[in-house]
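Encoded as C-alpha cells, the structure appears first; notes follow it.
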Amino acid sequence: MHASPALNAAAPHPDASPPLSNSFTVLVVDDQASVRHSLITELRHAGVTEVMEAVDAPSAVQMFKMRRPDLVLLDIRLPTHDGYWVAQQLREAEVGDWTPIIFLSGLDNDLDIWRGIESGGDDYLIKPVKPIVLIAKLRAMRRLLDMRRRLVSLSAELHLANQRLNEMVEVDSLTGLVNRRGFDRILHSEIDAARREQQPLTLMLCDLDHFKRFNDAAGHVQGDDCLRAVGRLLKEVCVRPRDVASRYGGEEFAMILPNTPRSGAMTFARALGSMLRSRAIPHPDSPNGAVLSLSGGITTCIPDEGTSAESMVMRADEALYAAKAQGRDRFFSFEMQMDTIEQRRV
Ligand SMILES: Nc1nc2c(ncn2[C@@H]2O[C@H](COP(=O)(O)OP(=O)(O)OP(=O)(O)O)[C@@H](O)[C@H]2O)c(=O)[nH]1
C-alpha cells in the first residue's frame with residue numbers, strides 16, 4: 001500500500017493517439033480508491049471499453065475467473081496477499097491461455113521487477129504512472145494479445161487442415177475406404193492396443209475371385225463399379241466402431257477387427273460371404289458361378305512382443321493363398337489350419 005497518486009499529471013497526455021479499437025477489457029487491482037479512479041479515467045480515455053475494479057487479492061482472483069479481462073493492472077502492495085500471489089493465482093486459473101499482467105508499484109528496485117516477472121507478470125509500471133507510458137504499454141500488450149490470438153486461431157486452422165489432409169491421404173478415392181497407408185497406421189496401433197489390453201485381434205485379407213476375367217469381360221469401368229459396390233458392402237459389414245475396412249490394393253481388401261477372437265472372425269466371414277451372395281453382383285465370366293465371390297485369409301492372435309503388422313499380413317496372406325488354391329469362394333483361418341489342418345468352407 002502506498003499513498004502516491006496513480007498518474008503523473010505533469011506528463012504529456014497522448015491525446016494524439018487514436019483510441020484502442022474493438023472491445024478491450026481491463027481489470028484494475030489496487031486497494032486505493034484514488035489510484036483506481038485515476039487509472040480508470042485514463043483507461044477510458046484510451047478507449048478501453050470496460051474497466052473492472054478489485055480492491056484486494058481474493059476479489060481480484062474471483063473477478064478474473066468470472067469475467068476474464070483482456071489485461072490486468074495489478075498493484076504489488078495489497079492487503080492480506082500481495083500482487084505476486086495474485087499473479088500466480090491468475091496464471092494457474094488460465095492454463096493454456098495468456099492474459100497480460102502489468103504490475104503497478106511505487107517500488108523501483110530490480111528485485112521487485114524480477115519477482116513480478118517470476119510470478120507471472122509481463123511488464124512493470126512505476127507509480128505515479130505517466131499517461132503516455134500507460135497507453136503505450138496498453139497498446140504494446142494489446143498488440144501481443146492480438147498476435148497471440150491470431151497464432152492460436154492459425155494453429156487451430158492448421159490442426160484442422162492437417163486432420164483433413166490426413167483423412168484425404170488415408171482415403172482410397174475409388175471406394176472411399178481407408179487406403180493402404182491408413183491400413184498400415186491403424187494395424188500398427190491396433191496391434192499395440194491389443195497387446196496392452198491382452199485382447200484378440202483379427203486381420204482378414206479378402207480378394208475378389210477371377211477379377212481379371214471380370215475386367216476382361218465387362219471392362220474396367222464396370223470393374224470399378226464392382227469395386228465400389230464391394231467397398232460399400234465391407235463398410236456395412238463393419239458395424240463395430242473400431243472395425244476397419246480398407247482397400248489393401250487393386251481388388252484386395254483388408255479388415256482389421258479388434259477384440260475379435262477366431263470364432264468371432266469366422267462369424268464375421270460368414271456374414272460377409274452371405275451378404276455378398278445376397279447382393280448377387282453379376283460376374284460375366286467366373287468359373288465359380290454367375291455372381292461375384294471372394295476369398296479370404298484370416299489371422300487372429302493376442303499380440304505379444306514378437307507380433308508385427310508384417311507377420312500378421314503374412315499369415316493372413318498365406319491363409320488367403322490356401323483359400324484360393326482350394327477353389328476360392330471361401331475363408332481360411334491361418335491359426336485353424338495350423339491347429340487342425342482343417343479347412344472350413346463358409
Ligand atoms: N477395374 C479395376 N480393376 C482393377 C483395379 N485394381 C486391380 N484391378 C484388376 O484386378 C485384377 C486382378 O487380377 P489377378 O491378380 O490375376 O487376380 P484374379 O483375376 O482376381 O484371380 P484370383 O485372385 O486368383 O481369383 C487385374 O486384372 C487388375 O487389373 C481397379 O482399381 N479397377
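Naming scheme: A, B, ... for chains in displayed order of the C-alpha cells; residues 1 onward per chain; ligands 1 onward as shown.
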
message: Show me, as a ChimeraX atom specification, the residues that have an atom within 9 Å of Glu170 in chain A when counting only C-alpha atoms, minus same-chain residues fewer than 6 positions from it.
response: /A:177-183

Got time to write the residues from that selection, N, CA and C atoms, as a compact mmCIF listing (two decimals), in the first residue's frame?
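Generated output (result28.txt):
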```txt
# COMPACT_ATOMS: atom_id res chain seq x y z
N LEU A 177 -12.97 -46.24 -48.91
CA LEU A 177 -12.48 -46.98 -47.73
C LEU A 177 -11.13 -46.39 -47.31
N VAL A 178 -10.66 -46.81 -46.14
CA VAL A 178 -9.31 -46.47 -45.71
C VAL A 178 -8.33 -47.06 -46.74
N ASN A 179 -7.31 -46.30 -47.11
CA ASN A 179 -6.37 -46.83 -48.09
C ASN A 179 -5.22 -47.60 -47.42
N ARG A 180 -4.26 -48.01 -48.20
CA ARG A 180 -3.18 -48.83 -47.69
C ARG A 180 -2.38 -48.12 -46.59
N ARG A 181 -2.18 -46.82 -46.80
CA ARG A 181 -1.45 -46.03 -45.82
C ARG A 181 -2.18 -46.01 -44.47
N GLY A 182 -3.50 -45.78 -44.55
CA GLY A 182 -4.31 -45.77 -43.32
C GLY A 182 -4.33 -47.15 -42.69
N PHE A 183 -4.42 -48.17 -43.53
CA PHE A 183 -4.42 -49.54 -43.03
C PHE A 183 -3.15 -49.81 -42.22
```

Counting only C-alpha atoms and all ligand atoms, which residues in chain A sit no more than 12 Å from ligand 1? For each one, give the nearest pair of atoms and the distance in Å, sorted by chain then residue number, as CSV.
```
residue,atom,partner,partner_atom_place_in_ligand_line,distance
A:Asp172,CA,ligand 1,31 (O),10.1
A:Ser173,CA,ligand 1,31 (O),9.9
A:Leu174,CA,ligand 1,31 (O),7.2
A:Thr175,CA,ligand 1,31 (O),9.1
A:Leu205,CA,ligand 1,23 (O),11.7
A:Cys206,CA,ligand 1,23 (O),9.4
A:Asp207,CA,ligand 1,23 (O),5.9
A:Leu208,CA,ligand 1,20 (O),5.3
A:Asp209,CA,ligand 1,25 (O),3.4
A:His210,CA,ligand 1,19 (O),3.6
A:Phe211,CA,ligand 1,20 (O),3.5
A:Lys212,CA,ligand 1,27 (O),3.4
A:Arg213,CA,ligand 1,19 (O),5.7
A:Phe214,CA,ligand 1,19 (O),7.5
A:Asn215,CA,ligand 1,1 (N),5.8
A:Asp216,CA,ligand 1,27 (O),7.3
A:Ala217,CA,ligand 1,27 (O),10.5
A:Ala218,CA,ligand 1,1 (N),9.2
A:Gly219,CA,ligand 1,1 (N),7.1
A:His220,CA,ligand 1,1 (N),4.0
A:Val221,CA,ligand 1,1 (N),6.0
A:Gln222,CA,ligand 1,1 (N),6.7
A:Gly223,CA,ligand 1,1 (N),3.6
A:Asp224,CA,ligand 1,1 (N),4.2
A:Asp225,CA,ligand 1,1 (N),7.6
A:Cys226,CA,ligand 1,1 (N),7.7
A:Leu227,CA,ligand 1,32 (N),6.8
A:Arg228,CA,ligand 1,32 (N),9.3
A:Ala229,CA,ligand 1,1 (N),11.9
A:Val230,CA,ligand 1,32 (N),11.8
A:Gly231,CA,ligand 1,31 (O),11.6
A:Arg247,CA,ligand 1,31 (O),9.8
A:Tyr248,CA,ligand 1,6 (N),10.2
A:Gly249,CA,ligand 1,6 (N),6.8
A:Gly250,CA,ligand 1,6 (N),3.2
A:Glu251,CA,ligand 1,7 (C),4.9
A:Glu252,CA,ligand 1,7 (C),8.0
A:Phe253,CA,ligand 1,6 (N),10.8
A:His283,CA,ligand 1,20 (O),11.4
A:Asp285,CA,ligand 1,19 (O),10.4
A:Ser286,CA,ligand 1,25 (O),9.0
A:Pro287,CA,ligand 1,25 (O),9.7
A:Asn288,CA,ligand 1,25 (O),9.5
A:Leu292,CA,ligand 1,20 (O),10.3
A:Ser293,CA,ligand 1,25 (O),8.9
A:Leu294,CA,ligand 1,25 (O),7.6
A:Ser295,CA,ligand 1,25 (O),7.8
A:Gly296,CA,ligand 1,23 (O),10.4
A:Asp317,CA,ligand 1,23 (O),11.9
A:Leu320,CA,ligand 1,23 (O),9.6
A:Tyr321,CA,ligand 1,24 (O),8.7
A:Ala322,CA,ligand 1,24 (O),11.0
A:Ala323,CA,ligand 1,25 (O),9.9
A:Lys324,CA,ligand 1,24 (O),6.3
A:Ala325,CA,ligand 1,24 (O),8.4
A:Gln326,CA,ligand 1,24 (O),11.0
A:Gly327,CA,ligand 1,25 (O),9.1
A:Arg328,CA,ligand 1,25 (O),6.9
A:Asp329,CA,ligand 1,25 (O),8.9
A:Arg330,CA,ligand 1,25 (O),11.3
```

query: DSSP on the backbone: what in range 16-166 of chain A comes out strand (DSSP E or B), as a PyMOL selection string?
result: chain A and resi 25-29+50-54+71-75+101-105+123-126+129

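Nearest residue to Arg149 in chain A among A:Thr300, A:Pro258, A:Asp97, A:Gln32 is A:Asp97, counting only C-alpha atoms.
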
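Going from CA of Ser263 in chain A over to CA of Gly176 in chain A, you cover 28.7 Å.
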
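We find CA of His37 in chain A and CA of Val51 in chain A to be spaced 10.6 Å apart.
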
- prompt: Which residues in range 34-185 of chain A does DSSP call alpha helix (DSSP H)? List them as a ChimeraX atom specification.
  reply: /A:34-45,57-67,83-93,110-118,131-169,180-185

Output C-alpha atoms of each residue in that selection to a file, as a PDB file, in the first residue's frame.
```pdb
ATOM      1  CA  SER A  34      -7.905   7.388  -5.661  1.00  0.00           C
ATOM      2  CA  VAL A  35      -5.406   5.277  -7.598  1.00  0.00           C
ATOM      3  CA  ARG A  36      -8.127   3.154  -9.152  1.00  0.00           C
ATOM      4  CA  HIS A  37     -10.089   6.277 -10.072  1.00  0.00           C
ATOM      5  CA  SER A  38      -7.140   7.918 -11.871  1.00  0.00           C
ATOM      6  CA  LEU A  39      -6.283   4.729 -13.726  1.00  0.00           C
ATOM      7  CA  ILE A  40      -9.874   4.109 -14.765  1.00  0.00           C
ATOM      8  CA  THR A  41     -10.249   7.662 -16.081  1.00  0.00           C
ATOM      9  CA  GLU A  42      -7.095   7.268 -18.118  1.00  0.00           C
ATOM     10  CA  LEU A  43      -8.028   3.826 -19.413  1.00  0.00           C
ATOM     11  CA  ARG A  44     -11.459   5.055 -20.548  1.00  0.00           C
ATOM     12  CA  HIS A  45      -9.769   7.964 -22.237  1.00  0.00           C
ATOM     13  CA  ALA A  57      -6.275 -10.078  -3.819  1.00  0.00           C
ATOM     14  CA  PRO A  58      -9.125 -12.603  -3.339  1.00  0.00           C
ATOM     15  CA  SER A  59     -11.691 -10.429  -5.125  1.00  0.00           C
ATOM     16  CA  ALA A  60      -9.164  -9.833  -7.957  1.00  0.00           C
ATOM     17  CA  VAL A  61      -8.784 -13.586  -8.471  1.00  0.00           C
ATOM     18  CA  GLN A  62     -12.531 -14.144  -8.294  1.00  0.00           C
ATOM     19  CA  MET A  63     -13.289 -11.335 -10.747  1.00  0.00           C
ATOM     20  CA  PHE A  64     -10.606 -12.557 -13.135  1.00  0.00           C
ATOM     21  CA  LYS A  65     -12.083 -16.066 -13.173  1.00  0.00           C
ATOM     22  CA  MET A  66     -15.620 -14.780 -13.705  1.00  0.00           C
ATOM     23  CA  ARG A  67     -15.018 -12.026 -16.223  1.00  0.00           C
ATOM     24  CA  GLY A  83       0.245  -8.833  -6.158  1.00  0.00           C
ATOM     25  CA  TYR A  84       2.788 -11.613  -6.766  1.00  0.00           C
ATOM     26  CA  TRP A  85       0.390 -14.079  -5.156  1.00  0.00           C
ATOM     27  CA  VAL A  86      -2.466 -12.746  -7.302  1.00  0.00           C
ATOM     28  CA  ALA A  87      -0.371 -13.141 -10.477  1.00  0.00           C
ATOM     29  CA  GLN A  88       0.391 -16.755  -9.606  1.00  0.00           C
ATOM     30  CA  GLN A  89      -3.296 -17.478  -8.980  1.00  0.00           C
ATOM     31  CA  LEU A  90      -4.264 -15.877 -12.292  1.00  0.00           C
ATOM     32  CA  ARG A  91      -1.708 -17.908 -14.228  1.00  0.00           C
ATOM     33  CA  GLU A  92      -2.908 -21.115 -12.580  1.00  0.00           C
ATOM     34  CA  ALA A  93      -6.505 -20.197 -13.436  1.00  0.00           C
ATOM     35  CA  ASP A 110      15.455  -4.666  -9.549  1.00  0.00           C
ATOM     36  CA  LEU A 111      14.390  -7.358  -7.109  1.00  0.00           C
ATOM     37  CA  ASP A 112      10.721  -6.279  -7.291  1.00  0.00           C
ATOM     38  CA  ILE A 113      10.823  -6.272 -11.070  1.00  0.00           C
ATOM     39  CA  TRP A 114      12.412  -9.722 -11.047  1.00  0.00           C
ATOM     40  CA  ARG A 115       9.825 -11.055  -8.549  1.00  0.00           C
ATOM     41  CA  GLY A 116       6.989  -9.583 -10.612  1.00  0.00           C
ATOM     42  CA  ILE A 117       8.132 -11.247 -13.814  1.00  0.00           C
ATOM     43  CA  GLU A 118       8.902 -14.527 -11.994  1.00  0.00           C
ATOM     44  CA  PRO A 131      -0.466   8.516 -19.028  1.00  0.00           C
ATOM     45  CA  ILE A 132       1.657   8.354 -22.158  1.00  0.00           C
ATOM     46  CA  VAL A 133       3.589   5.372 -20.774  1.00  0.00           C
ATOM     47  CA  LEU A 134       0.394   3.642 -19.604  1.00  0.00           C
ATOM     48  CA  ILE A 135      -1.178   3.981 -23.037  1.00  0.00           C
ATOM     49  CA  ALA A 136       1.986   2.900 -24.828  1.00  0.00           C
ATOM     50  CA  LYS A 137       2.164  -0.246 -22.682  1.00  0.00           C
ATOM     51  CA  LEU A 138      -1.530  -0.868 -23.181  1.00  0.00           C
ATOM     52  CA  ARG A 139      -1.014  -0.726 -26.919  1.00  0.00           C
ATOM     53  CA  ALA A 140       2.029  -2.988 -26.803  1.00  0.00           C
ATOM     54  CA  MET A 141       0.155  -5.565 -24.727  1.00  0.00           C
ATOM     55  CA  ARG A 142      -2.863  -5.292 -26.980  1.00  0.00           C
ATOM     56  CA  ARG A 143      -0.636  -5.941 -29.968  1.00  0.00           C
ATOM     57  CA  LEU A 144       0.862  -9.007 -28.285  1.00  0.00           C
ATOM     58  CA  LEU A 145      -2.579 -10.250 -27.320  1.00  0.00           C
ATOM     59  CA  ASP A 146      -3.871  -9.823 -30.891  1.00  0.00           C
ATOM     60  CA  MET A 147      -0.821 -11.613 -32.224  1.00  0.00           C
ATOM     61  CA  ARG A 148      -1.313 -14.461 -29.774  1.00  0.00           C
ATOM     62  CA  ARG A 149      -4.996 -14.755 -30.710  1.00  0.00           C
ATOM     63  CA  ARG A 150      -4.070 -14.832 -34.388  1.00  0.00           C
ATOM     64  CA  LEU A 151      -1.495 -17.540 -33.661  1.00  0.00           C
ATOM     65  CA  VAL A 152      -3.981 -19.595 -31.635  1.00  0.00           C
ATOM     66  CA  SER A 153      -6.579 -19.332 -34.378  1.00  0.00           C
ATOM     67  CA  LEU A 154      -3.985 -20.103 -37.072  1.00  0.00           C
ATOM     68  CA  SER A 155      -2.758 -23.137 -35.172  1.00  0.00           C
ATOM     69  CA  ALA A 156      -6.373 -24.339 -34.759  1.00  0.00           C
ATOM     70  CA  GLU A 157      -6.858 -23.885 -38.521  1.00  0.00           C
ATOM     71  CA  LEU A 158      -3.586 -25.673 -39.176  1.00  0.00           C
ATOM     72  CA  HIS A 159      -4.625 -28.523 -36.921  1.00  0.00           C
ATOM     73  CA  LEU A 160      -7.933 -28.844 -38.791  1.00  0.00           C
ATOM     74  CA  ALA A 161      -6.206 -28.659 -42.177  1.00  0.00           C
ATOM     75  CA  ASN A 162      -3.738 -31.328 -41.079  1.00  0.00           C
ATOM     76  CA  GLN A 163      -6.582 -33.534 -39.934  1.00  0.00           C
ATOM     77  CA  ARG A 164      -8.329 -33.089 -43.283  1.00  0.00           C
ATOM     78  CA  LEU A 165      -5.096 -33.770 -45.147  1.00  0.00           C
ATOM     79  CA  ASN A 166      -4.538 -36.910 -43.110  1.00  0.00           C
ATOM     80  CA  GLU A 167      -8.058 -38.042 -43.841  1.00  0.00           C
ATOM     81  CA  MET A 168      -7.528 -37.292 -47.505  1.00  0.00           C
ATOM     82  CA  VAL A 169      -4.276 -39.192 -47.783  1.00  0.00           C
ATOM     83  CA  ARG A 180      -3.182 -48.835 -47.688  1.00  0.00           C
ATOM     84  CA  ARG A 181      -1.449 -46.030 -45.818  1.00  0.00           C
ATOM     85  CA  GLY A 182      -4.314 -45.773 -43.324  1.00  0.00           C
ATOM     86  CA  PHE A 183      -4.418 -49.543 -43.026  1.00  0.00           C
ATOM     87  CA  ASP A 184      -0.730 -49.661 -42.089  1.00  0.00           C
ATOM     88  CA  ARG A 185      -1.157 -46.976 -39.432  1.00  0.00           C
TER      89      ARG A 185
END
```

Write out as a compact mmCIF listing (two decimals) with C-alpha atoms, in the first residue's frame each polymer residue whose atoms come within 12 Å of Phe268 in chain A, counting only C-alpha atoms; drop sequence neighbours fewer than 2 positions from it.
```
# COMPACT_ATOMS: atom_id res chain seq x y z
CA THR A 202 -8.21 -60.36 -36.19
CA LEU A 203 -6.89 -59.39 -39.59
CA MET A 204 -8.78 -60.52 -42.66
CA LEU A 234 -17.49 -54.04 -46.47
CA GLU A 236 -21.80 -52.16 -43.95
CA VAL A 237 -20.44 -55.34 -42.51
CA CYS A 238 -18.04 -53.45 -40.22
CA VAL A 239 -20.67 -52.48 -37.68
CA ARG A 240 -18.48 -52.09 -34.60
CA ASP A 243 -13.72 -52.34 -37.13
CA MET A 255 -10.39 -55.80 -42.47
CA ILE A 256 -9.00 -55.01 -39.05
CA LEU A 257 -11.25 -56.40 -36.32
CA THR A 260 -12.39 -60.40 -32.20
CA PRO A 261 -11.44 -64.00 -31.39
CA ARG A 262 -11.26 -66.79 -34.00
CA SER A 263 -14.91 -67.78 -33.55
CA GLY A 264 -15.99 -64.15 -33.98
CA ALA A 265 -13.81 -63.83 -37.06
CA MET A 266 -15.47 -66.87 -38.64
CA ARG A 270 -19.89 -65.98 -42.80
CA ALA A 271 -21.89 -62.75 -42.57
CA LEU A 272 -19.71 -61.16 -45.24
CA GLY A 273 -19.99 -64.18 -47.53
CA SER A 274 -23.75 -64.35 -47.21
CA MET A 275 -24.18 -60.59 -47.69
CA GLY A 296 -10.45 -64.56 -47.52
CA ILE A 298 -7.83 -64.72 -41.59
CA PHE A 331 -12.35 -68.15 -45.94
CA VAL A 346 -18.03 -70.59 -45.33
```

message: Please determine, counting only C-alpha atoms, which residue among A:Arg77, A:Trp98, A:Val26, A:Asp31 has the shortest atom-to-atom distance to Met52 in chain A.
response: A:Val26

- request: Find the residue from A:Met312, A:Val72, A:Val28, A:Leu78 that sits nearest to Glu53 in chain A; use only C-alpha atoms when measuring.
  value: A:Val28
